[in-house]
>>> print(open('my_file.cif').read())   # mmCIF, C-alpha atoms and all ligand atoms
data_target
loop_
_atom_site.label_atom_id
_atom_site.label_comp_id
_atom_site.auth_asym_id
_atom_site.auth_seq_id
_atom_site.Cartn_x
_atom_site.Cartn_y
_atom_site.Cartn_z
CA MET A 1 42.02 -11.73 -1.04
CA SER A 2 42.21 -9.01 -3.70
CA LEU A 3 38.98 -7.28 -4.73
CA ASP A 4 39.22 -8.89 -8.19
CA THR A 5 39.55 -12.37 -6.69
CA PHE A 6 36.70 -11.58 -4.31
CA ARG A 7 34.56 -10.47 -7.28
CA GLU A 8 35.23 -13.75 -9.12
CA ASP A 9 34.45 -15.70 -5.96
CA VAL A 10 31.08 -14.06 -5.23
CA ARG A 11 30.11 -14.05 -8.89
CA SER A 12 30.51 -17.81 -9.16
CA TYR A 13 28.88 -18.35 -5.74
CA ILE A 14 25.80 -16.36 -6.83
CA ALA A 15 25.70 -18.18 -10.19
CA GLU A 16 25.87 -21.54 -8.44
CA HIS A 17 23.36 -20.88 -5.65
CA CYS A 18 20.78 -18.30 -6.77
CA PRO A 19 17.70 -20.12 -8.16
CA ALA A 20 16.18 -18.72 -11.36
CA SER A 21 12.96 -17.84 -9.51
CA MET A 22 14.94 -15.47 -7.27
CA LYS A 23 16.26 -13.50 -10.23
CA ASN A 24 14.89 -10.96 -12.69
CA ARG A 25 11.83 -10.03 -10.72
CA THR A 26 10.48 -7.24 -8.59
CA PHE A 27 7.74 -7.37 -6.00
CA HIS A 28 5.84 -5.00 -3.80
CA PHE A 29 6.79 -5.18 -0.12
CA GLU A 30 3.24 -6.26 0.72
CA ASP A 31 3.82 -9.39 -1.37
CA ALA A 32 7.22 -10.24 0.14
CA HIS A 33 5.88 -13.31 1.92
CA GLU A 34 4.65 -14.82 -1.36
CA VAL A 35 8.16 -14.48 -2.76
CA TYR A 36 10.12 -15.48 0.34
CA ASP A 37 7.94 -18.31 1.70
CA THR A 38 9.14 -20.70 -1.02
CA ALA A 39 11.62 -23.57 -1.21
CA ASP A 40 13.77 -21.63 -3.72
CA ALA A 41 13.93 -18.60 -1.46
CA ASN A 42 14.89 -20.79 1.47
CA GLN A 43 17.66 -22.46 -0.54
CA TRP A 44 19.02 -19.01 -1.53
CA LEU A 45 18.79 -17.84 2.10
CA GLN A 46 20.63 -20.90 3.43
CA ALA A 47 23.42 -20.58 0.85
CA MET A 48 24.01 -16.89 1.55
CA ALA A 49 23.60 -17.22 5.34
CA ALA A 50 26.21 -20.01 5.35
CA ARG A 51 28.76 -17.37 4.30
CA GLY A 52 27.24 -14.55 6.38
CA LEU A 53 26.27 -12.72 3.18
CA THR A 54 22.72 -11.99 4.34
CA THR A 55 24.16 -9.11 6.40
CA PRO A 56 27.51 -8.69 4.63
CA THR A 57 29.09 -5.91 6.71
CA TRP A 58 28.04 -7.00 10.20
CA PRO A 59 30.82 -8.41 12.41
CA ALA A 60 31.97 -11.97 11.77
CA GLU A 61 31.71 -12.89 15.47
CA TYR A 62 27.91 -13.09 15.14
CA GLY A 63 28.03 -15.18 11.96
CA ALA A 64 28.04 -12.36 9.40
CA ALA A 65 30.65 -12.00 6.65
CA GLY A 66 32.35 -8.92 8.16
CA LEU A 67 33.02 -7.47 4.68
CA SER A 68 34.76 -4.14 4.20
CA TYR A 69 32.90 -1.26 2.52
CA GLU A 70 34.69 -2.01 -0.78
CA GLU A 71 33.99 -5.75 -0.62
CA ASN A 72 30.33 -5.11 0.09
CA ARG A 73 30.15 -2.77 -2.86
CA VAL A 74 31.56 -5.50 -5.09
CA LEU A 75 29.02 -7.97 -3.69
CA GLN A 76 26.12 -5.56 -4.33
CA GLU A 77 27.36 -4.94 -7.87
CA GLU A 78 27.51 -8.67 -8.55
CA MET A 79 24.05 -9.20 -7.04
CA ALA A 80 22.70 -6.43 -9.27
CA ALA A 81 24.48 -7.83 -12.33
CA ALA A 82 22.95 -11.26 -11.67
CA ARG A 83 19.58 -9.52 -11.10
CA ALA A 84 19.37 -11.53 -7.87
CA LEU A 85 16.87 -10.68 -5.15
CA PRO A 86 18.38 -10.16 -1.69
CA PRO A 87 18.42 -13.50 0.16
CA LEU A 88 16.93 -11.87 3.26
CA THR A 89 14.83 -8.75 3.77
CA GLY A 90 12.79 -7.31 6.60
CA MET A 91 13.03 -5.37 9.80
CA GLY A 92 15.61 -7.66 11.41
CA VAL A 93 18.22 -6.83 8.79
CA SER A 94 17.31 -3.21 8.12
CA MET A 95 16.15 -1.89 11.49
CA ILE A 96 16.63 -3.80 14.73
CA GLY A 97 19.94 -5.43 13.77
CA PRO A 98 21.82 -2.14 13.17
CA THR A 99 20.15 -0.67 16.28
CA LEU A 100 21.33 -3.59 18.45
CA LEU A 101 24.84 -3.29 17.00
CA GLU A 102 24.85 0.31 18.20
CA PHE A 103 22.89 0.17 21.48
CA GLY A 104 22.66 -3.50 22.47
CA THR A 105 24.63 -5.15 25.26
CA GLU A 106 27.05 -7.93 24.30
CA ALA A 107 24.54 -10.47 25.64
CA GLN A 108 21.72 -8.96 23.54
CA LYS A 109 23.86 -8.99 20.41
CA ALA A 110 24.93 -12.59 21.01
CA ARG A 111 21.31 -13.64 21.65
CA HIS A 112 19.58 -11.90 18.75
CA LEU A 113 22.00 -11.12 15.90
CA PRO A 114 22.85 -14.71 14.83
CA LYS A 115 19.13 -15.48 14.45
CA ILE A 116 18.63 -12.37 12.32
CA ILE A 117 21.60 -13.27 10.13
CA SER A 118 20.32 -16.82 9.59
CA GLY A 119 16.79 -15.55 8.85
CA GLU A 120 15.46 -17.79 11.62
CA ILE A 121 13.58 -15.03 13.47
CA ARG A 122 11.35 -12.41 11.84
CA TRP A 123 10.74 -9.05 13.48
CA CYS A 124 7.98 -6.46 13.51
CA GLN A 125 7.80 -2.87 14.70
CA GLY A 126 5.54 -1.87 17.60
CA TYR A 127 5.63 1.92 17.45
CA SER A 128 2.29 3.40 16.24
CA GLU A 129 -0.82 3.36 18.40
CA PRO A 130 -4.40 4.39 17.58
CA GLY A 131 -3.77 7.85 19.09
CA SER A 132 -0.04 8.13 18.35
CA GLY A 133 1.32 8.27 14.81
CA SER A 134 3.21 11.42 13.86
CA ASP A 135 3.16 12.42 17.52
CA LEU A 136 4.76 9.09 18.43
CA ALA A 137 6.07 10.27 21.80
CA SER A 138 2.48 10.46 23.07
CA LEU A 139 2.30 6.63 23.05
CA GLN A 140 0.37 5.05 25.92
CA THR A 141 1.23 1.32 25.95
CA LYS A 142 2.34 0.74 29.55
CA ALA A 143 5.18 -1.48 30.72
CA VAL A 144 5.50 -2.09 34.45
CA ALA A 145 8.61 -3.71 35.90
CA ASP A 146 7.85 -6.93 37.78
CA GLY A 147 10.81 -9.08 38.84
CA ASP A 148 12.74 -10.20 35.75
CA HIS A 149 10.10 -8.87 33.38
CA PHE A 150 8.12 -5.89 32.19
CA VAL A 151 4.37 -6.49 32.01
CA LEU A 152 2.86 -4.79 28.96
CA ASN A 153 -0.71 -3.57 28.49
CA GLY A 154 -2.02 -1.52 25.58
CA GLN A 155 -2.40 -1.55 21.82
CA LYS A 156 -0.22 -1.04 18.76
CA ILE A 157 -1.56 -0.51 15.24
CA TRP A 158 -0.35 -0.74 11.62
CA THR A 159 2.11 -3.43 12.75
CA SER A 160 3.44 -4.57 9.35
CA GLY A 161 3.88 -8.32 9.09
CA ALA A 162 2.92 -8.98 12.75
CA GLN A 163 1.12 -12.15 11.67
CA HIS A 164 4.42 -13.51 10.30
CA ALA A 165 6.72 -12.15 13.01
CA ASP A 166 8.39 -14.05 15.86
CA TRP A 167 9.63 -11.04 17.81
CA MET A 168 8.73 -7.36 18.12
CA PHE A 169 10.78 -4.30 19.02
CA ALA A 170 8.49 -1.85 20.77
CA LEU A 171 8.36 1.57 22.36
CA VAL A 172 6.50 1.48 25.69
CA ARG A 173 5.78 3.92 28.49
CA THR A 174 7.68 3.03 31.65
CA ASP A 175 7.25 6.34 33.49
CA PRO A 176 3.80 7.90 33.00
CA THR A 177 4.68 10.87 35.21
CA ALA A 178 7.73 12.05 33.22
CA PRO A 179 7.53 14.51 30.27
CA LYS A 180 6.41 12.48 27.26
CA HIS A 181 9.83 11.92 25.64
CA ASP A 182 11.46 10.96 28.95
CA GLY A 183 9.21 8.12 30.13
CA ILE A 184 9.63 5.80 27.14
CA SER A 185 11.68 2.58 26.97
CA PHE A 186 12.68 0.36 24.05
CA VAL A 187 11.98 -3.35 24.62
CA LEU A 188 12.07 -6.60 22.67
CA LEU A 189 9.38 -9.23 23.14
CA ASP A 190 8.43 -12.67 21.90
CA MET A 191 5.24 -12.56 19.81
CA HIS A 192 4.42 -16.20 20.56
CA GLN A 193 2.97 -15.76 24.05
CA PRO A 194 -0.56 -15.71 25.49
CA GLY A 195 -0.49 -11.97 26.29
CA VAL A 196 -0.10 -10.98 22.61
CA THR A 197 -3.13 -10.95 20.26
CA ILE A 198 -2.82 -10.07 16.59
CA LYS A 199 -5.69 -8.99 14.36
CA PRO A 200 -4.81 -8.50 10.68
CA ILE A 201 -6.37 -5.36 9.16
CA ALA A 202 -8.14 -6.22 5.90
CA LEU A 203 -7.64 -3.63 3.17
CA ILE A 204 -10.05 -2.88 0.34
CA SER A 205 -7.62 -4.68 -2.00
CA GLY A 206 -8.21 -7.90 -0.05
CA SER A 207 -4.69 -8.08 1.37
CA SER A 208 -3.72 -7.62 5.03
CA PRO A 209 -0.20 -6.26 5.13
CA PHE A 210 -0.53 -4.98 8.68
CA CYS A 211 -2.25 -5.71 11.97
CA GLU A 212 -3.57 -4.44 15.25
CA THR A 213 -1.49 -5.86 18.12
CA PHE A 214 -2.94 -6.08 21.63
CA PHE A 215 -0.98 -6.61 24.84
CA ASP A 216 -2.79 -8.09 27.84
CA ASP A 217 -0.16 -8.71 30.50
CA ALA A 218 2.35 -9.55 27.77
CA LEU A 219 5.90 -10.12 29.04
CA ALA A 220 9.20 -8.62 27.92
CA SER A 221 12.33 -9.79 29.71
CA ARG A 222 14.33 -7.14 31.62
CA ASP A 223 17.32 -8.54 29.72
CA ASP A 224 15.67 -7.31 26.53
CA LEU A 225 15.50 -3.64 27.53
CA VAL A 226 17.66 -1.94 24.88
CA GLY A 227 19.46 1.15 26.17
CA GLU A 228 18.61 2.63 29.54
CA LEU A 229 15.23 2.57 31.28
CA ASN A 230 13.19 5.65 30.24
CA LYS A 231 15.78 6.56 27.59
CA GLY A 232 14.14 4.55 24.80
CA TRP A 233 13.26 7.62 22.74
CA THR A 234 16.91 8.00 21.70
CA VAL A 235 17.08 4.34 20.64
CA GLY A 236 13.70 4.53 18.89
CA LYS A 237 14.68 7.63 16.90
CA ARG A 238 17.92 6.01 15.73
CA LEU A 239 16.00 2.97 14.55
CA LEU A 240 13.80 5.29 12.46
CA GLN A 241 16.95 6.74 10.90
CA TYR A 242 18.05 3.22 9.94
CA GLU A 243 14.58 2.62 8.51
CA ARG A 244 14.73 5.85 6.50
CA SER A 245 18.25 5.25 5.28
CA ALA A 246 17.38 2.00 3.50
CA ALA A 247 19.12 3.23 0.36
CA PRO A 248 19.02 1.90 -3.21
CA ALA A 249 21.76 -0.61 -4.10
CA PRO A 250 24.90 0.85 -5.69
CA ARG A 251 25.06 0.99 -9.43
CA SER A 252 25.96 -2.16 -11.27
CA LYS A 253 28.98 -1.99 -13.54
CA LYS A 254 27.10 -4.26 -15.92
CA PRO A 255 24.63 -2.85 -18.46
CA LYS A 256 21.33 -1.96 -16.84
CA PRO A 257 18.04 -3.22 -18.21
CA ALA A 258 16.22 -0.80 -20.51
CA ASN A 259 14.72 2.16 -18.68
CA ALA A 260 11.34 0.89 -17.44
CA PHE A 261 9.62 4.24 -18.11
CA ALA A 262 10.96 4.40 -21.68
CA THR A 263 9.98 0.79 -22.35
CA ILE A 264 6.40 1.45 -21.22
CA ALA A 265 6.22 4.74 -23.15
CA LYS A 266 7.43 3.09 -26.37
CA GLN A 267 4.93 0.28 -25.91
CA TYR A 268 1.97 2.69 -25.70
CA TYR A 269 3.14 5.66 -27.84
CA GLY A 270 5.41 3.95 -30.36
CA GLU A 271 9.03 4.59 -31.28
CA LEU A 272 10.57 7.08 -33.71
CA ASP A 273 14.31 6.90 -34.50
CA GLY A 274 14.82 4.85 -31.33
CA LYS A 275 13.07 7.51 -29.22
CA ILE A 276 9.65 7.67 -27.59
CA ALA A 277 7.45 8.94 -30.41
CA GLU A 278 5.32 11.34 -28.37
CA PRO A 279 7.23 14.47 -27.20
CA GLN A 280 5.23 15.08 -23.99
CA ALA A 281 5.71 11.48 -22.84
CA ARG A 282 9.41 11.67 -23.78
CA ASP A 283 9.81 14.83 -21.72
CA LYS A 284 8.12 13.31 -18.65
CA VAL A 285 10.22 10.13 -18.89
CA LEU A 286 13.41 12.15 -19.21
CA ARG A 287 12.61 14.33 -16.19
CA GLN A 288 11.70 11.39 -13.96
CA THR A 289 14.78 9.41 -15.05
CA MET A 290 17.08 12.37 -14.36
CA LYS A 291 15.60 12.93 -10.89
CA GLU A 292 15.94 9.24 -10.00
CA LYS A 293 19.53 9.16 -11.28
CA ALA A 294 20.37 12.31 -9.30
CA LEU A 295 19.01 10.74 -6.12
CA GLN A 296 20.84 7.48 -6.76
CA LEU A 297 24.15 9.31 -7.29
CA THR A 298 23.62 11.51 -4.23
CA VAL A 299 22.90 8.48 -2.05
CA GLN A 300 26.00 6.79 -3.46
CA ARG A 301 28.13 9.88 -2.76
CA VAL A 302 26.87 10.14 0.83
CA ASN A 303 27.50 6.41 1.35
CA ASP A 304 31.02 6.79 -0.04
CA GLU A 305 31.69 9.79 2.21
CA SER A 306 30.48 8.04 5.35
CA ARG A 307 32.16 4.70 4.71
CA SER A 308 33.55 4.82 8.22
CA GLY A 309 30.35 3.07 9.30
CA LYS A 310 29.10 6.18 11.07
CA ALA A 311 25.48 5.87 12.26
CA PRO A 312 22.89 7.66 10.12
CA GLY A 313 21.57 11.05 11.24
CA ALA A 314 18.77 13.51 10.59
CA THR A 315 19.83 13.85 6.94
CA THR A 316 18.17 10.46 6.31
CA SER A 317 14.93 12.45 6.38
CA ILE A 318 16.04 14.16 3.15
CA PHE A 319 16.43 10.81 1.39
CA LYS A 320 13.17 9.51 2.84
CA PHE A 321 11.34 12.63 1.64
CA VAL A 322 12.88 12.76 -1.85
CA GLY A 323 12.97 8.97 -2.36
CA SER A 324 9.37 8.32 -1.32
CA SER A 325 8.08 11.33 -3.31
CA LEU A 326 9.95 10.15 -6.42
CA SER A 327 8.70 6.61 -5.97
CA LYS A 328 5.13 7.88 -5.91
CA GLU A 329 5.72 10.16 -8.91
CA GLY A 330 7.29 7.22 -10.77
CA SER A 331 4.30 4.94 -10.31
CA SER A 332 1.93 7.79 -11.25
CA LEU A 333 3.99 8.34 -14.41
CA LYS A 334 3.75 4.65 -15.31
CA ALA A 335 -0.06 4.87 -14.93
CA PHE A 336 -0.13 8.06 -17.04
CA LEU A 337 1.97 6.49 -19.81
CA ARG A 338 -0.44 3.55 -20.04
CA GLY A 339 -3.45 5.85 -20.53
CA SER A 340 -6.76 4.09 -19.85
CA ALA A 341 -4.82 0.79 -19.56
CA GLY A 342 -3.11 2.36 -16.53
CA ILE A 343 -6.27 2.31 -14.42
CA GLY A 344 -7.29 -1.34 -14.95
CA TRP A 345 -8.27 -3.23 -11.81
CA GLU A 346 -9.55 -6.53 -13.21
CA GLY A 347 -11.10 -8.05 -16.33
CA GLU A 348 -9.97 -9.46 -19.64
CA GLY A 349 -9.38 -6.04 -21.17
CA PHE A 350 -6.22 -5.59 -19.09
CA GLY A 351 -2.95 -7.50 -19.12
CA ALA A 352 -1.45 -8.91 -15.89
CA ASP A 353 1.29 -6.26 -15.89
CA GLU A 354 -1.32 -3.50 -16.32
CA VAL A 355 -3.40 -4.74 -13.39
CA GLU A 356 -0.28 -5.10 -11.25
CA ALA A 357 0.83 -1.59 -12.23
CA THR A 358 -2.50 -0.12 -11.08
CA ARG A 359 -2.17 -1.93 -7.76
CA SER A 360 1.41 -0.73 -7.33
CA TRP A 361 0.37 2.82 -8.11
CA LEU A 362 -2.31 2.72 -5.42
CA ARG A 363 -0.11 0.89 -2.90
CA ASP A 364 2.61 3.47 -3.44
CA ARG A 365 0.35 6.06 -1.74
CA ALA A 366 1.71 4.57 1.49
CA VAL A 367 5.39 5.32 0.91
CA THR A 368 5.06 8.94 2.00
CA ILE A 369 3.32 7.81 5.21
CA TYR A 370 5.21 4.88 6.77
CA GLY A 371 8.50 5.53 8.55
CA GLY A 372 7.13 9.03 9.27
CA THR A 373 5.03 11.11 6.86
CA ASN A 374 6.52 13.60 4.40
CA GLU A 375 5.29 16.48 6.57
CA VAL A 376 7.13 14.97 9.55
CA GLN A 377 10.31 14.61 7.45
CA LEU A 378 10.04 18.29 6.46
CA ASN A 379 9.71 19.22 10.15
CA ILE A 380 12.86 17.19 10.98
CA ILE A 381 14.80 18.71 8.06
CA SER A 382 13.78 22.23 9.15
CA LYS A 383 14.72 21.74 12.79
CA ARG A 384 17.57 19.21 12.83
CA VAL A 385 19.28 19.79 9.47
CA LEU A 386 18.65 23.49 8.74
CA GLY A 387 18.49 24.55 12.42
CA LEU A 388 15.36 26.66 11.93
CA PRO A 389 13.51 27.73 15.10
CA ASP A 390 10.49 25.69 16.31
C1 LIG B 401 2.13 0.78 4.74
C2 LIG B 401 2.34 1.21 6.17
C3 LIG B 401 3.07 0.40 7.01
C4 LIG B 401 3.24 0.76 8.35
N1 LIG B 401 3.93 -0.09 9.18
C5 LIG B 401 4.06 0.24 10.49
C6 LIG B 401 4.71 -0.68 11.38
O1 LIG B 401 5.16 -1.76 11.01
N2 LIG B 401 4.80 -0.34 12.69
C7 LIG B 401 4.35 0.84 13.17
O2 LIG B 401 4.50 1.10 14.37
N3 LIG B 401 3.71 1.74 12.35
C8 LIG B 401 3.55 1.44 11.02
N4 LIG B 401 2.89 2.32 10.17
C9 LIG B 401 2.30 3.53 10.73
C10 LIG B 401 2.98 4.80 10.33
O3 LIG B 401 4.21 4.95 11.03
C11 LIG B 401 2.01 5.97 10.62
O4 LIG B 401 0.91 5.82 9.74
C12 LIG B 401 2.64 7.32 10.42
O5 LIG B 401 3.61 7.57 11.40
C13 LIG B 401 1.58 8.46 10.45
O6 LIG B 401 0.80 8.36 11.60
P1 LIG B 401 -0.80 8.39 11.49
O7 LIG B 401 -1.21 7.39 10.46
O8 LIG B 401 -1.34 8.24 12.86
O9 LIG B 401 -1.16 9.82 10.89
P2 LIG B 401 -1.28 11.17 11.71
O10 LIG B 401 -0.12 11.33 12.60
O11 LIG B 401 -2.64 11.25 12.31
O12 LIG B 401 -1.16 12.24 10.55
C14 LIG B 401 -2.27 12.65 9.73
C15 LIG B 401 -1.79 13.75 8.80
O13 LIG B 401 -1.42 14.91 9.56
C16 LIG B 401 -0.09 15.30 9.23
N5 LIG B 401 0.64 15.76 10.43
C17 LIG B 401 0.63 15.19 11.65
N6 LIG B 401 1.42 15.91 12.49
C18 LIG B 401 1.95 16.91 11.77
C19 LIG B 401 2.85 18.00 12.09
N7 LIG B 401 3.37 18.14 13.30
N8 LIG B 401 3.18 18.85 11.08
C20 LIG B 401 2.64 18.72 9.83
N9 LIG B 401 1.78 17.73 9.50
C21 LIG B 401 1.44 16.84 10.45
C22 LIG B 401 0.58 14.03 8.72
O14 LIG B 401 1.71 14.31 7.88
C23 LIG B 401 -0.56 13.35 7.98
O15 LIG B 401 -0.67 13.89 6.69
C24 LIG B 401 2.71 1.99 8.83
C25 LIG B 401 1.99 2.82 7.96
C26 LIG B 401 1.78 2.44 6.64
C27 LIG B 401 1.01 3.34 5.73
#
>>> encode(input="my_file.cif", output="structure tokens", more="lines below")
Ligand SMILES: Cc1cc2nc3c(=O)[nH]c(=O)nc-3n(C[C@H](O)[C@H](O)[C@H](O)COP(=O)(O)OP(=O)(O)OC[C@H]3O[C@@H](n4cnc5c(N)ncnc54)[C@H](O)[C@@H]3O)c2cc1C
Amino acid sequence: MSLDTFREDVRSYIAEHCPASMKNRTFHFEDAHEVYDTADANQWLQAMAARGLTTPTWPAEYGAAGLSYEENRVLQEEMAAARALPPLTGMGVSMIGPTLLEFGTEAQKARHLPKIISGEIRWCQGYSEPGSGSDLASLQTKAVADGDHFVLNGQKIWTSGAQHADWMFALVRTDPTAPKHDGISFVLLDMHQPGVTIKPIALISGSSPFCETFFDDALASRDDLVGELNKGWTVGKRLLQYERSAAPAPRSKKPKPANAFATIAKQYYGELDGKIAEPQARDKVLRQTMKEKALQLTVQRVNDESRSGKAPGATTSIFKFVGSSLSKEGSSLKAFLRGSAGIGWEGEGFGADEVEATRSWLRDRAVTIYGGTNEVQLNIISKRVLGLPD
């Protein structure tokens, strides 16, 4: 099928199957379950999964569409043009799936990938522990081999979405006597078992986006050891690179919606000859827009250059650092542009979009922490990209 025919095909498929409620909206990742636990979202998921378009470039043998780089680009452009939300999000698609494609055995791929593609199984990440965040390799959760299983004891923390997850990928200590990076293994385990206890962590905002997860003789099958025993650090690091490389979608060839910063600035400062009336606000909007565009184009260029499907590397830390910093600066700018309306928390004096903007601004404090803090990214860039001494 030519790319033009393919474009027509996916355009009409999206038009036919994407419900209006799954278009023209944004949401914060903490609210993903409100958006995706709906009948419309399920209909959209089923339609896209039926053609393997939930994970467009994964191999067809597992139920994915097996699209080429160019076909996927067309698909992403058409999704952006339709302003359609992705039919499936989460750690299955963005983290453990790519990691299994690279490190999993054939049996592991056949067992887990189809259920990720169909959206049947949701995953969470068991990395951080109360004493191990940036220094992740100091993790203490023990896994002891016993027949066909590993028996897990210990605690994970900040487990995003654990209360909604069916399975977890986890880093565990399988050799307590080895140097810290060498005694770690990467395992998969079912969350629905008596040995796993989940306690959602309530935030001051009232939401509970993440949990404490306790293991008391929890079981992980030996068949679900990914990579070699005690060599899980390599697998775990690669997964973090997939997490950090979650890049913005390619540019749409269709007209983009009005610049969100400019729209807000015009709303609060007025418009003069089609421009933001206040010079300082105009300058800030221009700078932020240019930086975001530069990042978007750089990500696109790197994606184009590595279209061979090469696994991501340490350079993903650059995108994580720049992208998360820009995201935080962007939400701060939106609060600044709104003036006193940009700090509304509740009450009749503030519109729904103003209250939501304040919440987004505060929630965005987390983007430079999860997936490794900005300081950790700078350490990786110094050592692994620039080759500076320790
Ligand atoms: C919204 C959110 C979702 C998360 N989801 C998950 C999840 O699903 N699963 C999971 O396992 N974890 C998750 N995390 C945890 C996250 O990975 C950790 O918070 C992060 O790795 C930092 O660890 P820490 O909080 O223990 O901070 P610490 O490691 O204690 O760091 C404290 C401060 O010291 C700085 N610091 C530490 N070491 C160095 C160093 N060597 N050089 C310079 N500065 C340093 C850090 O940058 C930071 O500013 C999530 C976190 C957040 C905020």
>>> atom_distance(input="my_file.cif", atom1="CA of Asp223 in chain A", atom2="CA of Phe150 in chain A")
9.9 Å
>>> closest_residue(input="my_file.cif", among="A:Asn379, A:Thr315, A:Gln46, A:Ser68", to="ligand LIG 401 (chain B)", atoms="all atoms listed in the file")
A:Asn379
>>> residues_near_ligand(input="my_file.cif", ligand="ligand LIG 401 (chain B)", cutoff="7 Å", atoms="all atoms listed in the file", output="list in words")
Cys124, Gln125, Gly126, Tyr127, Ser128, Pro130, Gly131, Ser132, Gly133, Ser134, Asp135, Lys156, Ile157, Trp158, Thr159, Ser160, Gly161, Phe210, Ala366, Val367, Ile369, Tyr370, Gly371, Gly372, Thr373, Asn374, Glu375, Val376 and Asn379 of chain A
>>> residues_near_point(input="my_file.cif", point="(-0.2, -6.7, 27.9)", cutoff="10 Å", atoms="only C-alpha atoms", output="list of chain:residue names")
A:Thr141, A:Lys142, A:Ala143, A:Val144, A:Phe150, A:Val151, A:Leu152, A:Asn153, A:Gly154, A:Gln155, A:Pro194, A:Gly195, A:Val196, A:Thr197, A:Thr213, A:Phe214, A:Phe215, A:Asp216, A:Asp217, A:Ala218, A:Leu219, A:Ala220
>>> residues_around(input="my_file.cif", residues="Arg111 in chain A", least_positions_apart="3", cutoff="12 Å", atoms="all atoms listed in the file", output="list of chain:residue names")
A:Tyr62, A:Gly63, A:Gly97, A:Leu100, A:Leu101, A:Gly104, A:Thr105, A:Glu106, A:Ala107, A:Gln108, A:Pro114, A:Lys115, A:Ile116, A:Ile117, A:Ile121, A:Leu188, A:Asp223, A:Asp224
>>> closest_residue(input="my_file.cif", among="A:Asp146, A:Glu78, A:Asp390, A:Glu120", to="Ala165 in chain A", atoms="only C-alpha atoms")
A:Glu120
>>> atom_distance(input="my_file.cif", atom1="CA of Glu34 in chain A", atom2="CA of Met91 in chain A")
16.9 Å
>>> residues_around(input="my_file.cif", residues="range 347-355 of chain A", least_positions_apart="5", cutoff="10 Å", atoms="only C-alpha atoms", output="PyMOL selection string")
chain A and resi 334-335+338+340-342+360-361
>>> residues_around(input="my_file.cif", residues="range 4-12 of chain A", least_positions_apart="5", cutoff="9 Å", atoms="only C-alpha atoms", output="PyMOL selection string")
chain A and resi 17+71+74-75+78-79+82
>>> write_last_selection(input="my_file.cif", atoms="C-alpha atoms", output="PDB file, in the coordinates of the input")
ATOM      1  CA  HIS A  17      23.360 -20.880  -5.650  1.00  0.00           C
ATOM      2  CA  GLU A  71      33.990  -5.750  -0.620  1.00  0.00           C
ATOM      3  CA  VAL A  74      31.560  -5.500  -5.090  1.00  0.00           C
ATOM      4  CA  LEU A  75      29.020  -7.970  -3.690  1.00  0.00           C
ATOM      5  CA  GLU A  78      27.510  -8.670  -8.550  1.00  0.00           C
ATOM      6  CA  MET A  79      24.050  -9.200  -7.040  1.00  0.00           C
ATOM      7  CA  ALA A  82      22.950 -11.260 -11.670  1.00  0.00           C
TER       8      ALA A  82
END
>>> residues_around(input="my_file.cif", residues="Glu305 in chain A", least_positions_apart="6", cutoff="12 Å", atoms="only C-alpha atoms", output="short mmCIF file (atom, residue, chain, number, x, y, z; two decimals) with C-alpha atoms, keeping the file's coordinate frame")
data_model
loop_
_atom_site.label_atom_id
_atom_site.label_comp_id
_atom_site.auth_asym_id
_atom_site.auth_seq_id
_atom_site.Cartn_x
_atom_site.Cartn_y
_atom_site.Cartn_z
CA TYR A 69 32.90 -1.26 2.52
CA THR A 298 23.62 11.51 -4.23
CA VAL A 299 22.90 8.48 -2.05
#
